[in-house]
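Novice: I am sharing final-v7.tsv, which consists of TSV, C-alpha atoms:
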chain	number	residue	atom	x	y	z
A	1	MET	CA	-72.03	-11.11	111.94
A	2	GLY	CA	-71.48	-14.77	112.69
A	3	ARG	CA	-72.85	-16.12	109.44
A	4	PHE	CA	-73.28	-19.81	108.81
A	5	ALA	CA	-74.08	-21.46	105.48
A	6	ARG	CA	-77.88	-21.78	105.39
A	7	ALA	CA	-77.41	-24.79	103.02
A	8	GLY	CA	-78.21	-26.55	105.90
A	9	ALA	CA	-81.05	-24.47	107.29
A	10	ILE	CA	-82.65	-27.68	108.51
A	11	VAL	CA	-79.42	-29.50	109.33
A	12	GLY	CA	-78.22	-26.53	111.34
A	13	ALA	CA	-81.57	-26.13	113.00
A	14	LEU	CA	-81.79	-29.76	113.96
A	15	GLY	CA	-78.23	-29.53	115.22
A	16	LEU	CA	-79.30	-26.73	117.51
A	17	VAL	CA	-82.21	-28.86	118.65
A	18	ALA	CA	-79.68	-31.43	119.75
A	19	SER	CA	-77.48	-28.82	121.45
A	20	LEU	CA	-80.50	-27.45	123.25
A	21	ALA	CA	-81.38	-30.94	124.49
A	22	LEU	CA	-84.02	-31.73	121.93
A	23	THR	CA	-87.03	-32.97	123.78
A	24	ALA	CA	-87.09	-36.41	122.59
A	25	CYS	CA	-88.66	-39.75	122.30
A	26	GLY	CA	-90.46	-41.06	125.25
A	27	GLU	CA	-93.73	-40.17	126.76
A	28	LYS	CA	-94.31	-38.11	129.84
A	29	LYS	CA	-95.99	-40.23	132.50
A	30	LYS	CA	-97.98	-37.27	133.72
A	31	GLN	CA	-100.65	-36.27	131.24
A	32	ALA	CA	-102.52	-32.98	131.18
A	33	GLU	CA	-105.37	-31.31	129.37
A	34	PHE	CA	-104.23	-29.66	126.18
A	35	VAL	CA	-105.11	-27.06	123.62
A	36	VAL	CA	-105.20	-29.12	120.43
A	37	GLY	CA	-104.45	-27.19	117.26
A	38	SER	CA	-107.02	-24.44	117.64
A	39	THR	CA	-109.42	-26.30	119.94
A	40	ALA	CA	-109.21	-27.53	123.51
A	41	THR	CA	-109.44	-30.98	125.04
A	42	SER	CA	-111.17	-31.96	128.21
A	43	THR	CA	-111.32	-34.85	130.60
A	44	PRO	CA	-113.93	-37.45	129.61
A	45	ALA	CA	-117.00	-38.08	131.66
A	46	ASP	CA	-117.01	-40.45	134.61
A	47	PRO	CA	-115.56	-43.69	133.17
A	48	SER	CA	-117.43	-45.87	135.64
A	49	ALA	CA	-119.54	-48.53	133.99
A	50	PRO	CA	-122.83	-47.05	132.68
A	51	ALA	CA	-126.18	-48.77	132.61
A	52	ALA	CA	-126.86	-51.41	129.94
A	53	PRO	CA	-127.29	-49.82	126.46
A	54	THR	CA	-130.87	-49.13	125.41
A	55	GLY	CA	-130.35	-47.34	122.07
A	56	THR	CA	-129.11	-48.20	118.58
A	57	PRO	CA	-125.56	-49.62	118.56
A	58	LEU	CA	-122.90	-47.04	117.72
A	59	THR	CA	-120.72	-47.20	114.62
A	60	LEU	CA	-117.09	-46.59	115.57
A	61	SER	CA	-113.95	-45.44	113.80
A	62	PRO	CA	-111.63	-47.23	113.27
A	63	ALA	CA	-114.22	-49.67	111.96
A	64	ASP	CA	-114.58	-53.10	113.42
A	65	GLY	CA	-112.17	-55.44	111.65
A	66	ALA	CA	-110.05	-52.63	110.19
A	67	ASN	CA	-106.40	-53.43	109.51
A	68	ASN	CA	-103.26	-51.36	108.93
A	69	ARG	CA	-104.52	-48.42	110.97
A	70	PRO	CA	-101.97	-45.66	111.83
A	71	ILE	CA	-100.68	-45.67	115.41
A	72	SER	CA	-101.95	-42.08	115.60
A	73	SER	CA	-105.56	-43.32	115.29
A	74	GLU	CA	-108.18	-41.65	117.48
A	75	ILE	CA	-111.45	-43.23	118.52
A	76	SER	CA	-114.69	-41.68	117.28
A	77	ALA	CA	-118.33	-42.69	116.99
A	78	GLU	CA	-121.44	-41.74	115.03
A	79	LEU	CA	-123.54	-40.33	117.87
A	80	PRO	CA	-127.34	-40.16	118.03
A	81	ASP	CA	-128.89	-36.70	117.85
A	82	GLY	CA	-127.95	-34.80	120.98
A	83	GLY	CA	-125.77	-37.66	122.15
A	84	LYS	CA	-122.58	-37.26	124.13
A	85	VAL	CA	-119.78	-39.71	124.83
A	86	ALA	CA	-120.02	-41.04	128.38
A	87	ALA	CA	-117.07	-43.43	128.39
A	88	VAL	CA	-114.31	-44.76	126.15
A	89	THR	CA	-112.11	-47.76	126.79
A	90	LEU	CA	-109.27	-48.92	124.56
A	91	THR	CA	-107.50	-52.17	125.34
A	92	ALA	CA	-104.62	-53.94	123.62
A	93	ALA	CA	-104.76	-57.65	122.87
A	94	ASN	CA	-102.56	-58.39	125.89
A	95	GLY	CA	-105.05	-56.66	128.18
A	96	ASP	CA	-103.14	-53.40	128.64
A	97	ARG	CA	-105.50	-50.45	128.85
A	98	VAL	CA	-104.67	-47.26	126.97
A	99	GLU	CA	-105.32	-43.93	128.69
A	100	GLY	CA	-106.68	-40.98	126.73
A	101	ARG	CA	-108.88	-37.87	126.63
A	102	MET	CA	-111.81	-36.57	124.63
A	103	ARG	CA	-111.46	-33.50	122.46
A	104	ALA	CA	-113.62	-30.63	123.71
A	105	ASP	CA	-115.85	-30.76	120.65
A	106	GLY	CA	-116.53	-34.46	121.25
A	107	SER	CA	-115.23	-35.37	117.80
A	108	SER	CA	-112.80	-38.05	119.00
A	109	TRP	CA	-110.94	-39.60	121.88
A	110	VAL	CA	-107.15	-39.15	121.74
A	111	PRO	CA	-104.84	-41.80	123.23
A	112	SER	CA	-102.34	-40.28	125.63
A	113	LYS	CA	-99.44	-42.00	123.88
A	114	PRO	CA	-98.94	-43.57	120.44
A	115	LEU	CA	-100.45	-46.99	119.87
A	116	LYS	CA	-98.04	-49.83	119.18
A	117	TYR	CA	-97.26	-51.01	115.68
A	118	GLY	CA	-98.75	-54.31	114.53
A	119	THR	CA	-101.05	-54.61	117.54
A	120	ARG	CA	-104.74	-55.51	117.88
A	121	TYR	CA	-106.90	-53.17	119.94
A	122	THR	CA	-110.51	-53.21	121.07
A	123	ALA	CA	-112.37	-49.94	121.58
A	124	THR	CA	-115.69	-49.58	123.37
A	125	VAL	CA	-117.63	-46.32	123.35
A	126	THR	CA	-120.72	-45.61	125.41
A	127	ALA	CA	-122.86	-42.55	124.66
A	128	THR	CA	-125.87	-41.00	126.35
A	129	GLY	CA	-128.72	-39.57	124.32
A	130	ALA	CA	-130.70	-36.41	124.90
A	131	GLY	CA	-133.45	-38.46	126.58
A	132	GLY	CA	-131.07	-40.23	128.91
A	133	GLY	CA	-130.85	-43.55	127.06
A	134	THR	CA	-127.48	-45.12	126.30
A	135	SER	CA	-125.89	-46.53	123.16
A	136	GLN	CA	-122.72	-48.54	122.85
A	137	GLY	CA	-120.38	-49.66	120.10
A	138	THR	CA	-117.34	-51.91	119.97
A	139	SER	CA	-114.59	-52.13	117.38
A	140	THR	CA	-111.57	-54.38	117.14
A	141	PHE	CA	-108.86	-53.14	114.79
A	142	THR	CA	-105.18	-53.74	114.09
A	143	THR	CA	-102.46	-51.14	113.65
A	144	MET	CA	-100.02	-51.13	110.76
A	145	ALA	CA	-96.46	-52.37	110.70
A	146	LYS	CA	-93.77	-49.74	111.26
A	147	PRO	CA	-93.36	-47.76	108.02
A	148	LYS	CA	-90.00	-47.27	106.34
A	149	SER	CA	-90.46	-43.66	105.21
A	150	MET	CA	-90.69	-41.14	108.03
A	151	ILE	CA	-90.23	-37.45	108.71
A	152	SER	CA	-87.90	-36.31	111.45
A	153	SER	CA	-89.06	-33.65	113.85
A	154	GLY	CA	-87.79	-31.46	116.65
A	155	LEU	CA	-89.17	-29.54	119.61
A	156	TYR	CA	-87.23	-26.59	121.00
A	157	LEU	CA	-88.20	-26.89	124.63
A	158	PHE	CA	-86.44	-28.30	127.70
A	159	ASP	CA	-88.15	-30.15	130.47
A	160	ASP	CA	-87.97	-28.15	133.70
A	161	LYS	CA	-86.10	-25.19	132.13
A	162	THR	CA	-86.97	-21.52	132.47
A	163	TYR	CA	-87.35	-19.27	129.42
A	164	GLY	CA	-87.98	-15.65	128.53
A	165	VAL	CA	-91.49	-14.27	128.03
A	166	ALA	CA	-91.17	-14.38	124.21
A	167	MET	CA	-90.26	-18.07	124.00
A	168	PRO	CA	-92.48	-19.54	121.30
A	169	VAL	CA	-93.22	-23.24	121.16
A	170	VAL	CA	-91.12	-24.16	118.13
A	171	THR	CA	-91.55	-27.40	116.20
A	172	GLU	CA	-89.38	-28.37	113.26
A	173	PHE	CA	-89.85	-30.91	110.49
A	174	HIS	CA	-87.49	-32.43	107.92
A	175	PRO	CA	-88.62	-32.53	105.22
A	176	GLY	CA	-91.22	-29.79	105.61
A	177	ILE	CA	-94.92	-30.62	106.02
A	178	PRO	CA	-96.83	-30.26	102.71
A	179	LYS	CA	-99.45	-27.51	102.88
A	180	LYS	CA	-102.37	-29.91	102.41
A	181	ASP	CA	-101.25	-31.94	105.45
A	182	ARG	CA	-100.73	-29.09	107.90
A	183	ALA	CA	-104.27	-29.03	109.31
A	184	ALA	CA	-104.10	-32.75	110.20
A	185	VAL	CA	-100.65	-32.30	111.76
A	186	GLN	CA	-101.70	-29.18	113.65
A	187	LYS	CA	-104.62	-31.05	115.22
A	188	ARG	CA	-102.01	-33.30	116.82
A	189	MET	CA	-99.93	-30.43	118.26
A	190	PHE	CA	-101.12	-30.01	121.85
A	191	VAL	CA	-100.31	-27.04	124.09
A	192	GLN	CA	-101.46	-26.23	127.62
A	193	THR	CA	-100.57	-23.06	129.53
A	194	ASP	CA	-100.99	-22.46	133.24
A	195	PRO	CA	-102.33	-19.90	133.95
A	196	PRO	CA	-104.44	-20.36	130.81
A	197	GLN	CA	-103.68	-17.95	127.95
A	198	PRO	CA	-105.05	-17.98	124.40
A	199	GLY	CA	-102.70	-18.97	121.62
A	200	ALA	CA	-102.37	-20.11	118.03
A	201	TRP	CA	-100.02	-21.87	115.61
A	202	HIS	CA	-98.30	-20.29	112.62
A	203	TRP	CA	-96.51	-22.19	109.84
A	204	VAL	CA	-93.39	-20.92	108.11
A	205	ALA	CA	-93.98	-20.87	104.33
A	206	ASN	CA	-91.94	-23.98	103.50
A	207	GLY	CA	-93.50	-26.03	106.30
A	208	THR	CA	-90.22	-26.75	108.08
A	209	GLN	CA	-91.22	-24.88	111.25
A	210	ALA	CA	-94.36	-23.99	113.16
A	211	TYR	CA	-94.58	-21.57	116.10
A	212	TYR	CA	-97.13	-21.35	118.89
A	213	ARG	CA	-97.52	-18.09	120.82
A	214	ALA	CA	-100.09	-15.96	122.62
A	215	PRO	CA	-101.38	-12.56	121.42
A	216	GLU	CA	-98.98	-10.92	123.90
A	217	TYR	CA	-95.83	-12.13	125.62
A	218	TRP	CA	-96.40	-14.95	128.10
A	219	LYS	CA	-97.21	-13.97	131.66
A	220	PRO	CA	-94.17	-14.36	133.94
A	221	GLY	CA	-94.44	-17.65	135.83
A	222	THR	CA	-96.43	-19.41	133.11
A	223	THR	CA	-95.95	-23.17	132.76
A	224	ILE	CA	-96.11	-24.47	129.17
A	225	THR	CA	-96.82	-28.16	128.59
A	226	VAL	CA	-96.44	-29.45	125.05
A	227	ARG	CA	-97.08	-32.72	123.24
A	228	ILE	CA	-96.31	-32.90	119.53
A	229	ALA	CA	-98.15	-36.16	118.88
A	230	LEU	CA	-96.91	-37.04	115.41
A	231	ALA	CA	-95.87	-40.67	115.80
A	232	GLY	CA	-97.47	-42.59	112.95
A	233	ILE	CA	-99.44	-39.72	111.47
A	234	PRO	CA	-99.73	-40.32	107.70
A	235	LEU	CA	-98.78	-37.58	105.23
A	236	SER	CA	-99.74	-37.21	101.58
A	237	ASN	CA	-96.13	-37.71	100.44
A	238	GLY	CA	-96.14	-41.29	101.74
A	239	ARG	CA	-94.22	-40.46	104.90
A	240	TYR	CA	-95.24	-40.91	108.52
A	241	GLY	CA	-94.39	-38.98	111.67
A	242	ASN	CA	-91.51	-40.59	113.53
A	243	VAL	CA	-92.12	-39.95	117.25
A	244	ASP	CA	-94.18	-38.08	119.79
A	245	ARG	CA	-92.23	-35.33	121.55
A	246	ALA	CA	-93.20	-33.79	124.86
A	247	ALA	CA	-91.81	-31.24	127.29
A	248	THR	CA	-92.82	-28.88	130.06
A	249	GLY	CA	-91.03	-25.56	130.49
A	250	LYS	CA	-91.55	-22.45	132.60
A	251	ILE	CA	-91.53	-18.73	131.79
A	252	GLY	CA	-89.42	-16.56	134.07
A	253	ARG	CA	-89.38	-12.83	134.74
A	254	ALA	CA	-90.06	-10.28	131.99
A	255	PHE	CA	-86.78	-9.12	130.40
A	256	GLU	CA	-86.82	-7.15	127.16
A	257	MET	CA	-84.27	-5.36	124.99
A	258	LYS	CA	-85.18	-2.53	122.60
A	259	VAL	CA	-82.70	-1.09	120.09
A	260	ASP	CA	-83.28	2.10	118.09
A	261	ASN	CA	-80.99	2.64	115.12
A	262	ALA	CA	-81.72	6.38	115.25
A	263	THR	CA	-80.11	6.73	118.66
A	264	LYS	CA	-77.90	3.61	118.52
A	265	GLN	CA	-78.91	2.79	122.06
A	266	MET	CA	-80.30	-0.37	123.62
A	267	LYS	CA	-82.81	0.09	126.42
A	268	VAL	CA	-83.09	-2.87	128.77
A	269	TYR	CA	-86.30	-3.46	130.74
A	270	GLU	CA	-86.91	-5.90	133.56
A	271	ASN	CA	-90.48	-6.46	134.72
A	272	GLY	CA	-91.45	-3.32	132.82
A	273	GLU	CA	-88.85	-1.06	134.45
A	274	LEU	CA	-85.95	0.49	132.53
A	275	VAL	CA	-82.80	-0.88	134.19
A	276	ARG	CA	-80.00	0.16	131.81
A	277	THR	CA	-79.28	1.96	128.54
A	278	LEU	CA	-76.37	0.62	126.47
A	279	PRO	CA	-74.66	2.15	123.41
A	280	VAL	CA	-74.56	-0.19	120.40
A	281	SER	CA	-73.14	-0.42	116.92
A	282	LEU	CA	-75.40	-2.18	114.41
A	283	GLY	CA	-74.76	-3.45	110.89
A	284	LYS	CA	-73.27	-1.03	108.39
A	285	LYS	CA	-75.35	-0.21	105.29
A	286	LYS	CA	-73.81	-3.01	103.24
A	287	THR	CA	-74.62	-5.59	105.93
A	288	PRO	CA	-77.51	-4.09	107.93
A	289	SER	CA	-79.00	-5.58	111.05
A	290	SER	CA	-82.56	-6.87	110.74
A	291	SER	CA	-85.43	-4.75	112.04
A	292	GLY	CA	-88.09	-6.72	113.87
A	293	THR	CA	-88.64	-8.66	117.07
A	294	MET	CA	-86.29	-11.58	117.60
A	295	VAL	CA	-85.61	-13.81	120.58
A	296	VAL	CA	-82.41	-15.16	122.06
A	297	MET	CA	-82.09	-18.70	120.64
A	298	GLU	CA	-78.67	-19.75	121.88
A	299	LYS	CA	-75.96	-18.46	124.21
A	300	LYS	CA	-72.21	-19.11	124.03
A	301	GLU	CA	-69.79	-17.53	126.47
A	302	SER	CA	-67.09	-17.85	123.83
A	303	THR	CA	-67.13	-18.98	120.19
A	304	VAL	CA	-65.49	-18.37	116.83
A	305	PHE	CA	-67.18	-16.63	113.90
A	306	ASP	CA	-65.82	-18.14	110.69
A	307	THR	CA	-67.23	-16.58	107.51
A	308	ARG	CA	-64.54	-17.63	105.05
A	309	ASP	CA	-67.20	-19.16	102.79
A	310	ASP	CA	-68.97	-15.80	102.28
A	311	PRO	CA	-69.14	-14.89	98.56
A	312	ASP	CA	-68.10	-11.31	99.36
A	313	PRO	CA	-64.37	-11.16	100.20
A	314	GLU	CA	-64.99	-8.13	102.43
A	315	ASN	CA	-67.18	-10.28	104.69
A	316	ARG	CA	-64.69	-13.11	105.20
A	317	TYR	CA	-63.06	-13.34	108.60
A	318	VAL	CA	-62.28	-15.62	111.52
A	319	THR	CA	-62.78	-13.93	114.88
A	320	GLU	CA	-63.01	-15.11	118.48
A	321	ILE	CA	-66.19	-13.77	120.07
A	322	ASP	CA	-67.21	-13.48	123.71
A	323	PHE	CA	-70.73	-13.44	125.19
A	324	ALA	CA	-72.50	-14.34	121.94
A	325	GLN	CA	-76.30	-14.57	121.89
A	326	ARG	CA	-77.83	-15.88	118.64
A	327	LEU	CA	-80.83	-14.02	117.21
A	328	THR	CA	-81.16	-15.40	113.65
A	329	TRP	CA	-80.22	-18.48	111.66
A	330	GLY	CA	-78.45	-16.12	109.26
A	331	GLY	CA	-75.91	-15.27	111.93
A	332	GLU	CA	-77.03	-12.10	113.76
A	333	TYR	CA	-75.96	-12.03	117.39
A	334	ILE	CA	-75.61	-9.74	120.35
A	335	HIS	CA	-71.95	-9.97	121.35
A	336	ALA	CA	-68.93	-8.24	122.83
A	337	ALA	CA	-67.06	-6.14	120.25
A	338	PRO	CA	-64.12	-4.40	121.94
A	339	TRP	CA	-62.87	-3.27	118.50
A	340	SER	CA	-65.92	-1.07	117.99
A	341	GLU	CA	-66.34	0.36	121.49
A	342	HIS	CA	-65.04	3.76	120.33
A	343	VAL	CA	-67.97	4.15	117.87
A	344	GLN	CA	-70.73	2.39	119.81
A	345	GLY	CA	-73.63	4.76	120.25
A	346	ARG	CA	-72.53	6.81	117.23
A	347	GLN	CA	-71.81	4.68	114.14
A	348	ASN	CA	-72.79	1.31	112.64
A	349	VAL	CA	-69.77	-0.79	111.66
A	350	SER	CA	-70.78	-4.45	112.22
A	351	HIS	CA	-71.64	-7.18	109.73
A	352	GLY	CA	-75.21	-7.28	111.04
A	353	CYS	CA	-74.71	-8.08	114.71
A	354	VAL	CA	-75.52	-5.93	117.73
A	355	ASN	CA	-72.10	-4.83	119.00
A	356	VAL	CA	-71.76	-3.83	122.65
A	357	SER	CA	-68.77	-3.32	124.92
A	358	THR	CA	-67.27	-6.32	126.68
A	359	THR	CA	-68.51	-5.03	130.03
A	360	ASN	CA	-72.06	-4.57	128.74
A	361	ALA	CA	-71.99	-7.87	126.84
A	362	ARG	CA	-71.07	-9.70	130.04
A	363	TRP	CA	-73.77	-7.84	131.98
A	364	LEU	CA	-76.42	-8.85	129.42
A	365	PHE	CA	-75.18	-12.42	129.10
A	366	GLU	CA	-75.47	-12.95	132.86
A	367	ARG	CA	-79.11	-11.81	132.84
A	368	THR	CA	-80.72	-13.07	129.64
A	369	LYS	CA	-82.52	-16.36	129.07
A	370	ILE	CA	-83.32	-18.28	125.93
A	371	GLY	CA	-86.59	-16.75	124.73
A	372	ASP	CA	-85.90	-13.18	125.88
A	373	PRO	CA	-87.06	-10.72	123.19
A	374	ILE	CA	-85.05	-8.04	121.44
A	375	THR	CA	-86.70	-5.53	119.10
A	376	ILE	CA	-84.60	-3.57	116.63
A	377	LYS	CA	-86.10	-0.73	114.64
A	378	GLY	CA	-85.00	1.71	111.97
A	379	THR	CA	-82.48	-0.35	109.98
A	380	GLU	CA	-82.33	-0.89	106.22
A	381	ARG	CA	-83.51	-4.52	106.35
A	382	ARG	CA	-86.68	-6.18	107.64
A	383	LEU	CA	-86.43	-9.47	109.52
A	384	ALA	CA	-87.17	-12.33	107.11
A	385	PRO	CA	-89.89	-14.79	108.25
A	386	GLY	CA	-88.29	-17.99	109.49
A	387	ASN	CA	-84.84	-16.44	109.92
A	388	GLY	CA	-84.77	-17.38	113.56
A	389	TRP	CA	-87.76	-17.78	115.86
A	390	THR	CA	-89.69	-14.98	114.19
A	391	ALA	CA	-93.07	-15.61	115.81
A	392	TRP	CA	-93.13	-12.13	117.35
A	393	SER	CA	-92.14	-10.21	114.22
A	394	LEU	CA	-95.80	-10.32	113.10
A	395	SER	CA	-98.86	-8.67	114.59
A	396	TRP	CA	-101.41	-11.08	116.10
A	397	SER	CA	-103.78	-10.59	113.15
A	398	GLU	CA	-100.95	-11.42	110.73
A	399	PHE	CA	-99.72	-14.30	112.85
A	400	ILE	CA	-103.01	-16.22	112.94
A	401	LYS	CA	-103.21	-16.13	109.14
A	402	GLY	CA	-100.43	-18.71	109.22
A	403	SER	CA	-102.59	-21.24	111.09
A	404	ALA	CA	-103.71	-24.31	109.14
A	405	LEU	CA	-106.93	-24.40	111.20
A	406	PRO	CA	-109.49	-21.68	111.95
A	407	VAL	CA	-108.52	-19.66	115.02
A	408	PRO	CA	-111.41	-18.61	117.30
A	409	GLU	CA	-111.52	-14.93	118.17
A	410	GLY	CA	-108.86	-14.27	120.79
A	411	GLY	CA	-107.00	-17.51	120.09
A	412	ALA	CA	-107.43	-21.14	120.97
A	413	GLY	CA	-108.45	-20.38	124.54
A	414	PRO	CA	-107.51	-22.20	127.74
A	415	ALA	CA	-107.71	-25.94	128.23
A	416	LEU	CA	-110.97	-26.98	129.84
Let me see the file written as structure tokens.

Specialist:
Amino acid sequence: MGRFARAGAIVGALGLVASLALTACGEKKKQAEFVVGSTATSTPADPSAPAAPTGTPLTLSPADGANNRPISSEISAELPDGGKVAAVTLTAANGDRVEGRMRADGSSWVPSKPLKYGTRYTATVTATGAGGGTSQGTSTFTTMAKPKSMISSGLYLFDDKTYGVAMPVVTEFHPGIPKKDRAAVQKRMFVQTDPPQPGAWHWVANGTQAYYRAPEYWKPGTTITVRIALAGIPLSNGRYGNVDRAATGKIGRAFEMKVDNATKQMKVYENGELVRTLPVSLGKKKTPSSSGTMVVMEKKESTVFDTRDDPDPENRYVTEIDFAQRLTWGGEYIHAAPWSEHVQGRQNVSHGCVNVSTTNARWLFERTKIGDPITIKGTERRLAPGNGWTAWSLSWSEFIKGSALPVPEGGAGPAL
């Protein structure tokens, strides 16, 4: 078992974000429609100039004359009964126009990128009433100066990379998001899938990670577009989100590994067909492997497992490892173990890892992708929530209980 000190659960995790090419600062020029939290967004109505307003002037938020507004501010209006937003314009003091989209429920208009710090903006909203009349409101407001206290965040997704069907959208926060702030943060976590598939967010207990997944594994060929729009969002602990992060990744073929401790065999399936059965050696009783569904988080053709800091002298070693595929933060991997080939398929002797022969380890390594699932059953230990990308270790009904916002039946639904 390649164990690493978890005293750095976040430091280690953020380090992996960097090694996996953390999707970083900077906005994607191409914007899409998104599933926002547990609701969907849609394109606003025709933005062409409407007829002159005939109804009562609208009251907007941010209010006219407001100062020190967060750069995450959205534009909303008090609408007349039965009214709908017909057009929204947002312009900076220098004349630059800000693009954006309405939320599906009409509650607000979301800028497509963060506003600028210390900048004056003018918003104009036009609404149509049930009888066809129009109302309009205008607000000029100023955003706050850049705050000093921020949270750092990460997004485990590459632009233009292909993942396994169990790849969750994984966001990470340091420090963790307080429970009372999670709903507001989740509303700013946008996901679109093509073809559309329902989905939901789930928060790890300490608020350091949130996962987005569908009720079932993603359909092969799915494109996932993500925007974690946290720049400037205020939290109750006095901190603000540091940046928006965005990425678009693709789901590849279906590839799944299933390990049964009773038989000590791994069955490998590709596109639903059994393609190979491999003998394995799992963790011995003192250091059992975790039972549950994990995903491949990282791959290293060669590495060194150094566990000299383990409190148990029997678990201290330094070993060169080939074809290592990380499954948990705690240090469980699939890897080549030539020293245990004589007992693979018959006896568990590892420190928690899935031992396979060098030949089989190479065969797997050449075929797996980050996000490919592996399910282990029948061991003495259950997979701990948050010990890796554990989004699939819960049933759908259990998973949606971890959402900070209500989840419609069947999930958030497709973008409109």

Novice: Would you mind listing what lies within 12 Å of Leu235 (chain A) as number ranges by chain, with all atoms listed in the file counted and same-chain residues fewer than 4 positions away left out?

Specialist: A: 70, 72, 147, 149-151, 175-185, 230-231, 239-242

Novice: Which residue is closest to Asn348 (chain A)? Choose from A:Ala145, A:Leu327, A:Val280, A:Val304 and count only C-alpha atoms.

Specialist: A:Val280

Novice: For region 55-62 of chain A, please output as a ChimeraX atom specification all residues within 12 Å (counting all atoms listed in the file; exclusion window: fewer than 3 positions along the same chain).

Specialist: /A:51-52,65-81,83-85,88,90,107-109,120-143

Novice: Could you check the closest approach to Ile233 (chain A) for each of A:Val318, A:Met144, A:Ala92, A:Met266 and tell me which residue wins, using only C-alpha atoms?

Specialist: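 Checking each of A:Val318, A:Met144, A:Ala92, A:Met266 against Ile233 (chain A), counting only C-alpha atoms, the winner is A:Met144.
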
Novice: If you measure from CA of Gln344 (chain A) to CA of Arg326 (chain A), what distance in Å do you get, rounded to one decimal?

Specialist: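 About the pair CA of Gln344 (chain A) and CA of Arg326 (chain A): they are 19.6 Å apart.
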
Novice: Provide the CA of Val349 (chain A) to CA of Ala337 (chain A) distance in Å, to one decimal place.

Specialist: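 Value for the CA of Val349 (chain A)-CA of Ala337 (chain A) distance: 10.5 Å.
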
Novice: Distance CA of Thr162 (chain A)-CA of Tyr212 (chain A), one decimal place?

Specialist: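 CA of Thr162 (chain A) sits 17.0 Å away from CA of Tyr212 (chain A).
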
Novice: So, counting only C-alpha atoms, which residue among A:Val204, A:Leu282, A:Val295, A:Ala404 is closest to Glu380 (chain A)?

Specialist: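 Result for the nearest residue to Glu380 (chain A): A:Leu282.
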
Novice: Mind working out the centre and edge lengths of an axis-aligned box for region 375-383 of chain A, all listed atoms inside, 4 Å added to each side, rounded to one decimal in Å and written as AutoDock Vina command-line options?

Specialist:
--center_x -84.5 --center_y -3.9 --center_z 112.7 --size_x 12.4 --size_y 19.2 --size_z 20.9

Novice: Name the closest residue to Thr319 (chain A) among the candidates A:Asp306, A:Asp244, A:Asp159, A:Glu99; distances are taken between atoms, counting only C-alpha atoms.

Specialist: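 The closest residue to Thr319 (chain A) is A:Asp306.
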
Novice: If we count all atoms listed in the file and set the cut-off at 9 Å, which residues sit around Lys300 (chain A), ignoring sequence neighbours fewer than 2 positions away in its own chain? Please answer as a list in words.

Specialist: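 Residues meeting the cut-off are Glu298, Ser302, Thr303, Ile321, Asp322, Phe323, Ala324, Gln325, Arg326 and Phe365 of chain A.
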
Novice: For Thr368 (chain A), which residue among A:Arg245, A:Lys284, A:Lys299, A:Arg103 is the nearest when counting only C-alpha atoms?

Specialist: A:Lys299

Novice: Pick from A:Ala229, A:Ala361, A:Val268, A:Leu274: nearest to Leu115 (chain A), with all atoms listed in the file counted?

Specialist: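 When distances to Leu115 (chain A) are compared using all atoms listed in the file, the smallest one comes from A:Ala229.
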
Novice: Taking a cut-off of 7 Å and counting only C-alpha atoms, can you build a table that, for each residue of region 138-196 of chain A near region 370-374 of chain A, reports the nearest atom pair and how far apart they are in Å (one decimal), sorted by chain then residue number, as a Markdown table?

Specialist:
| residue | atom | partner | partner_atom | distance |
| --- | --- | --- | --- | --- |
| A:Tyr163 | CA | A:Gly371 | CA | 5.4 |
| A:Gly164 | CA | A:Asp372 | CA | 4.2 |
| A:Val165 | CA | A:Asp372 | CA | 6.1 |
| A:Ala166 | CA | A:Gly371 | CA | 5.2 |
| A:Met167 | CA | A:Gly371 | CA | 4.0 |

Novice: Please complete region 175-182 of chain A with N, CA and C atoms and give it back as an mmCIF file, in the coordinates of the input.

Specialist:
data_model
loop_
_atom_site.group_PDB
_atom_site.id
_atom_site.type_symbol
_atom_site.label_atom_id
_atom_site.label_comp_id
_atom_site.auth_asym_id
_atom_site.auth_seq_id
_atom_site.Cartn_x
_atom_site.Cartn_y
_atom_site.Cartn_z
ATOM 1 N N PRO A 175 -88.344 -33.732 106.034
ATOM 2 C CA PRO A 175 -88.620 -32.530 105.220
ATOM 3 C C PRO A 175 -89.838 -31.782 105.753
ATOM 4 N N GLY A 176 -90.103 -30.604 105.175
ATOM 5 C CA GLY A 176 -91.220 -29.790 105.610
ATOM 6 C C GLY A 176 -92.559 -30.474 105.379
ATOM 7 N N ILE A 177 -93.570 -30.049 106.145
ATOM 8 C CA ILE A 177 -94.920 -30.620 106.020
ATOM 9 C C ILE A 177 -95.615 -29.997 104.812
ATOM 10 N N PRO A 178 -96.091 -30.807 103.856
ATOM 11 C CA PRO A 178 -96.830 -30.260 102.710
ATOM 12 C C PRO A 178 -98.038 -29.447 103.193
ATOM 13 N N LYS A 179 -98.381 -28.416 102.453
ATOM 14 C CA LYS A 179 -99.450 -27.510 102.880
ATOM 15 C C LYS A 179 -100.760 -28.243 103.116
ATOM 16 N N LYS A 180 -101.081 -29.220 102.272
ATOM 17 C CA LYS A 180 -102.370 -29.910 102.410
ATOM 18 C C LYS A 180 -102.436 -30.818 103.630
ATOM 19 N N ASP A 181 -101.277 -31.082 104.264
ATOM 20 C CA ASP A 181 -101.250 -31.940 105.450
ATOM 21 C C ASP A 181 -101.189 -31.162 106.755
ATOM 22 N N ARG A 182 -101.021 -29.855 106.673
ATOM 23 C CA ARG A 182 -100.730 -29.090 107.900
ATOM 24 C C ARG A 182 -101.892 -29.073 108.883
#
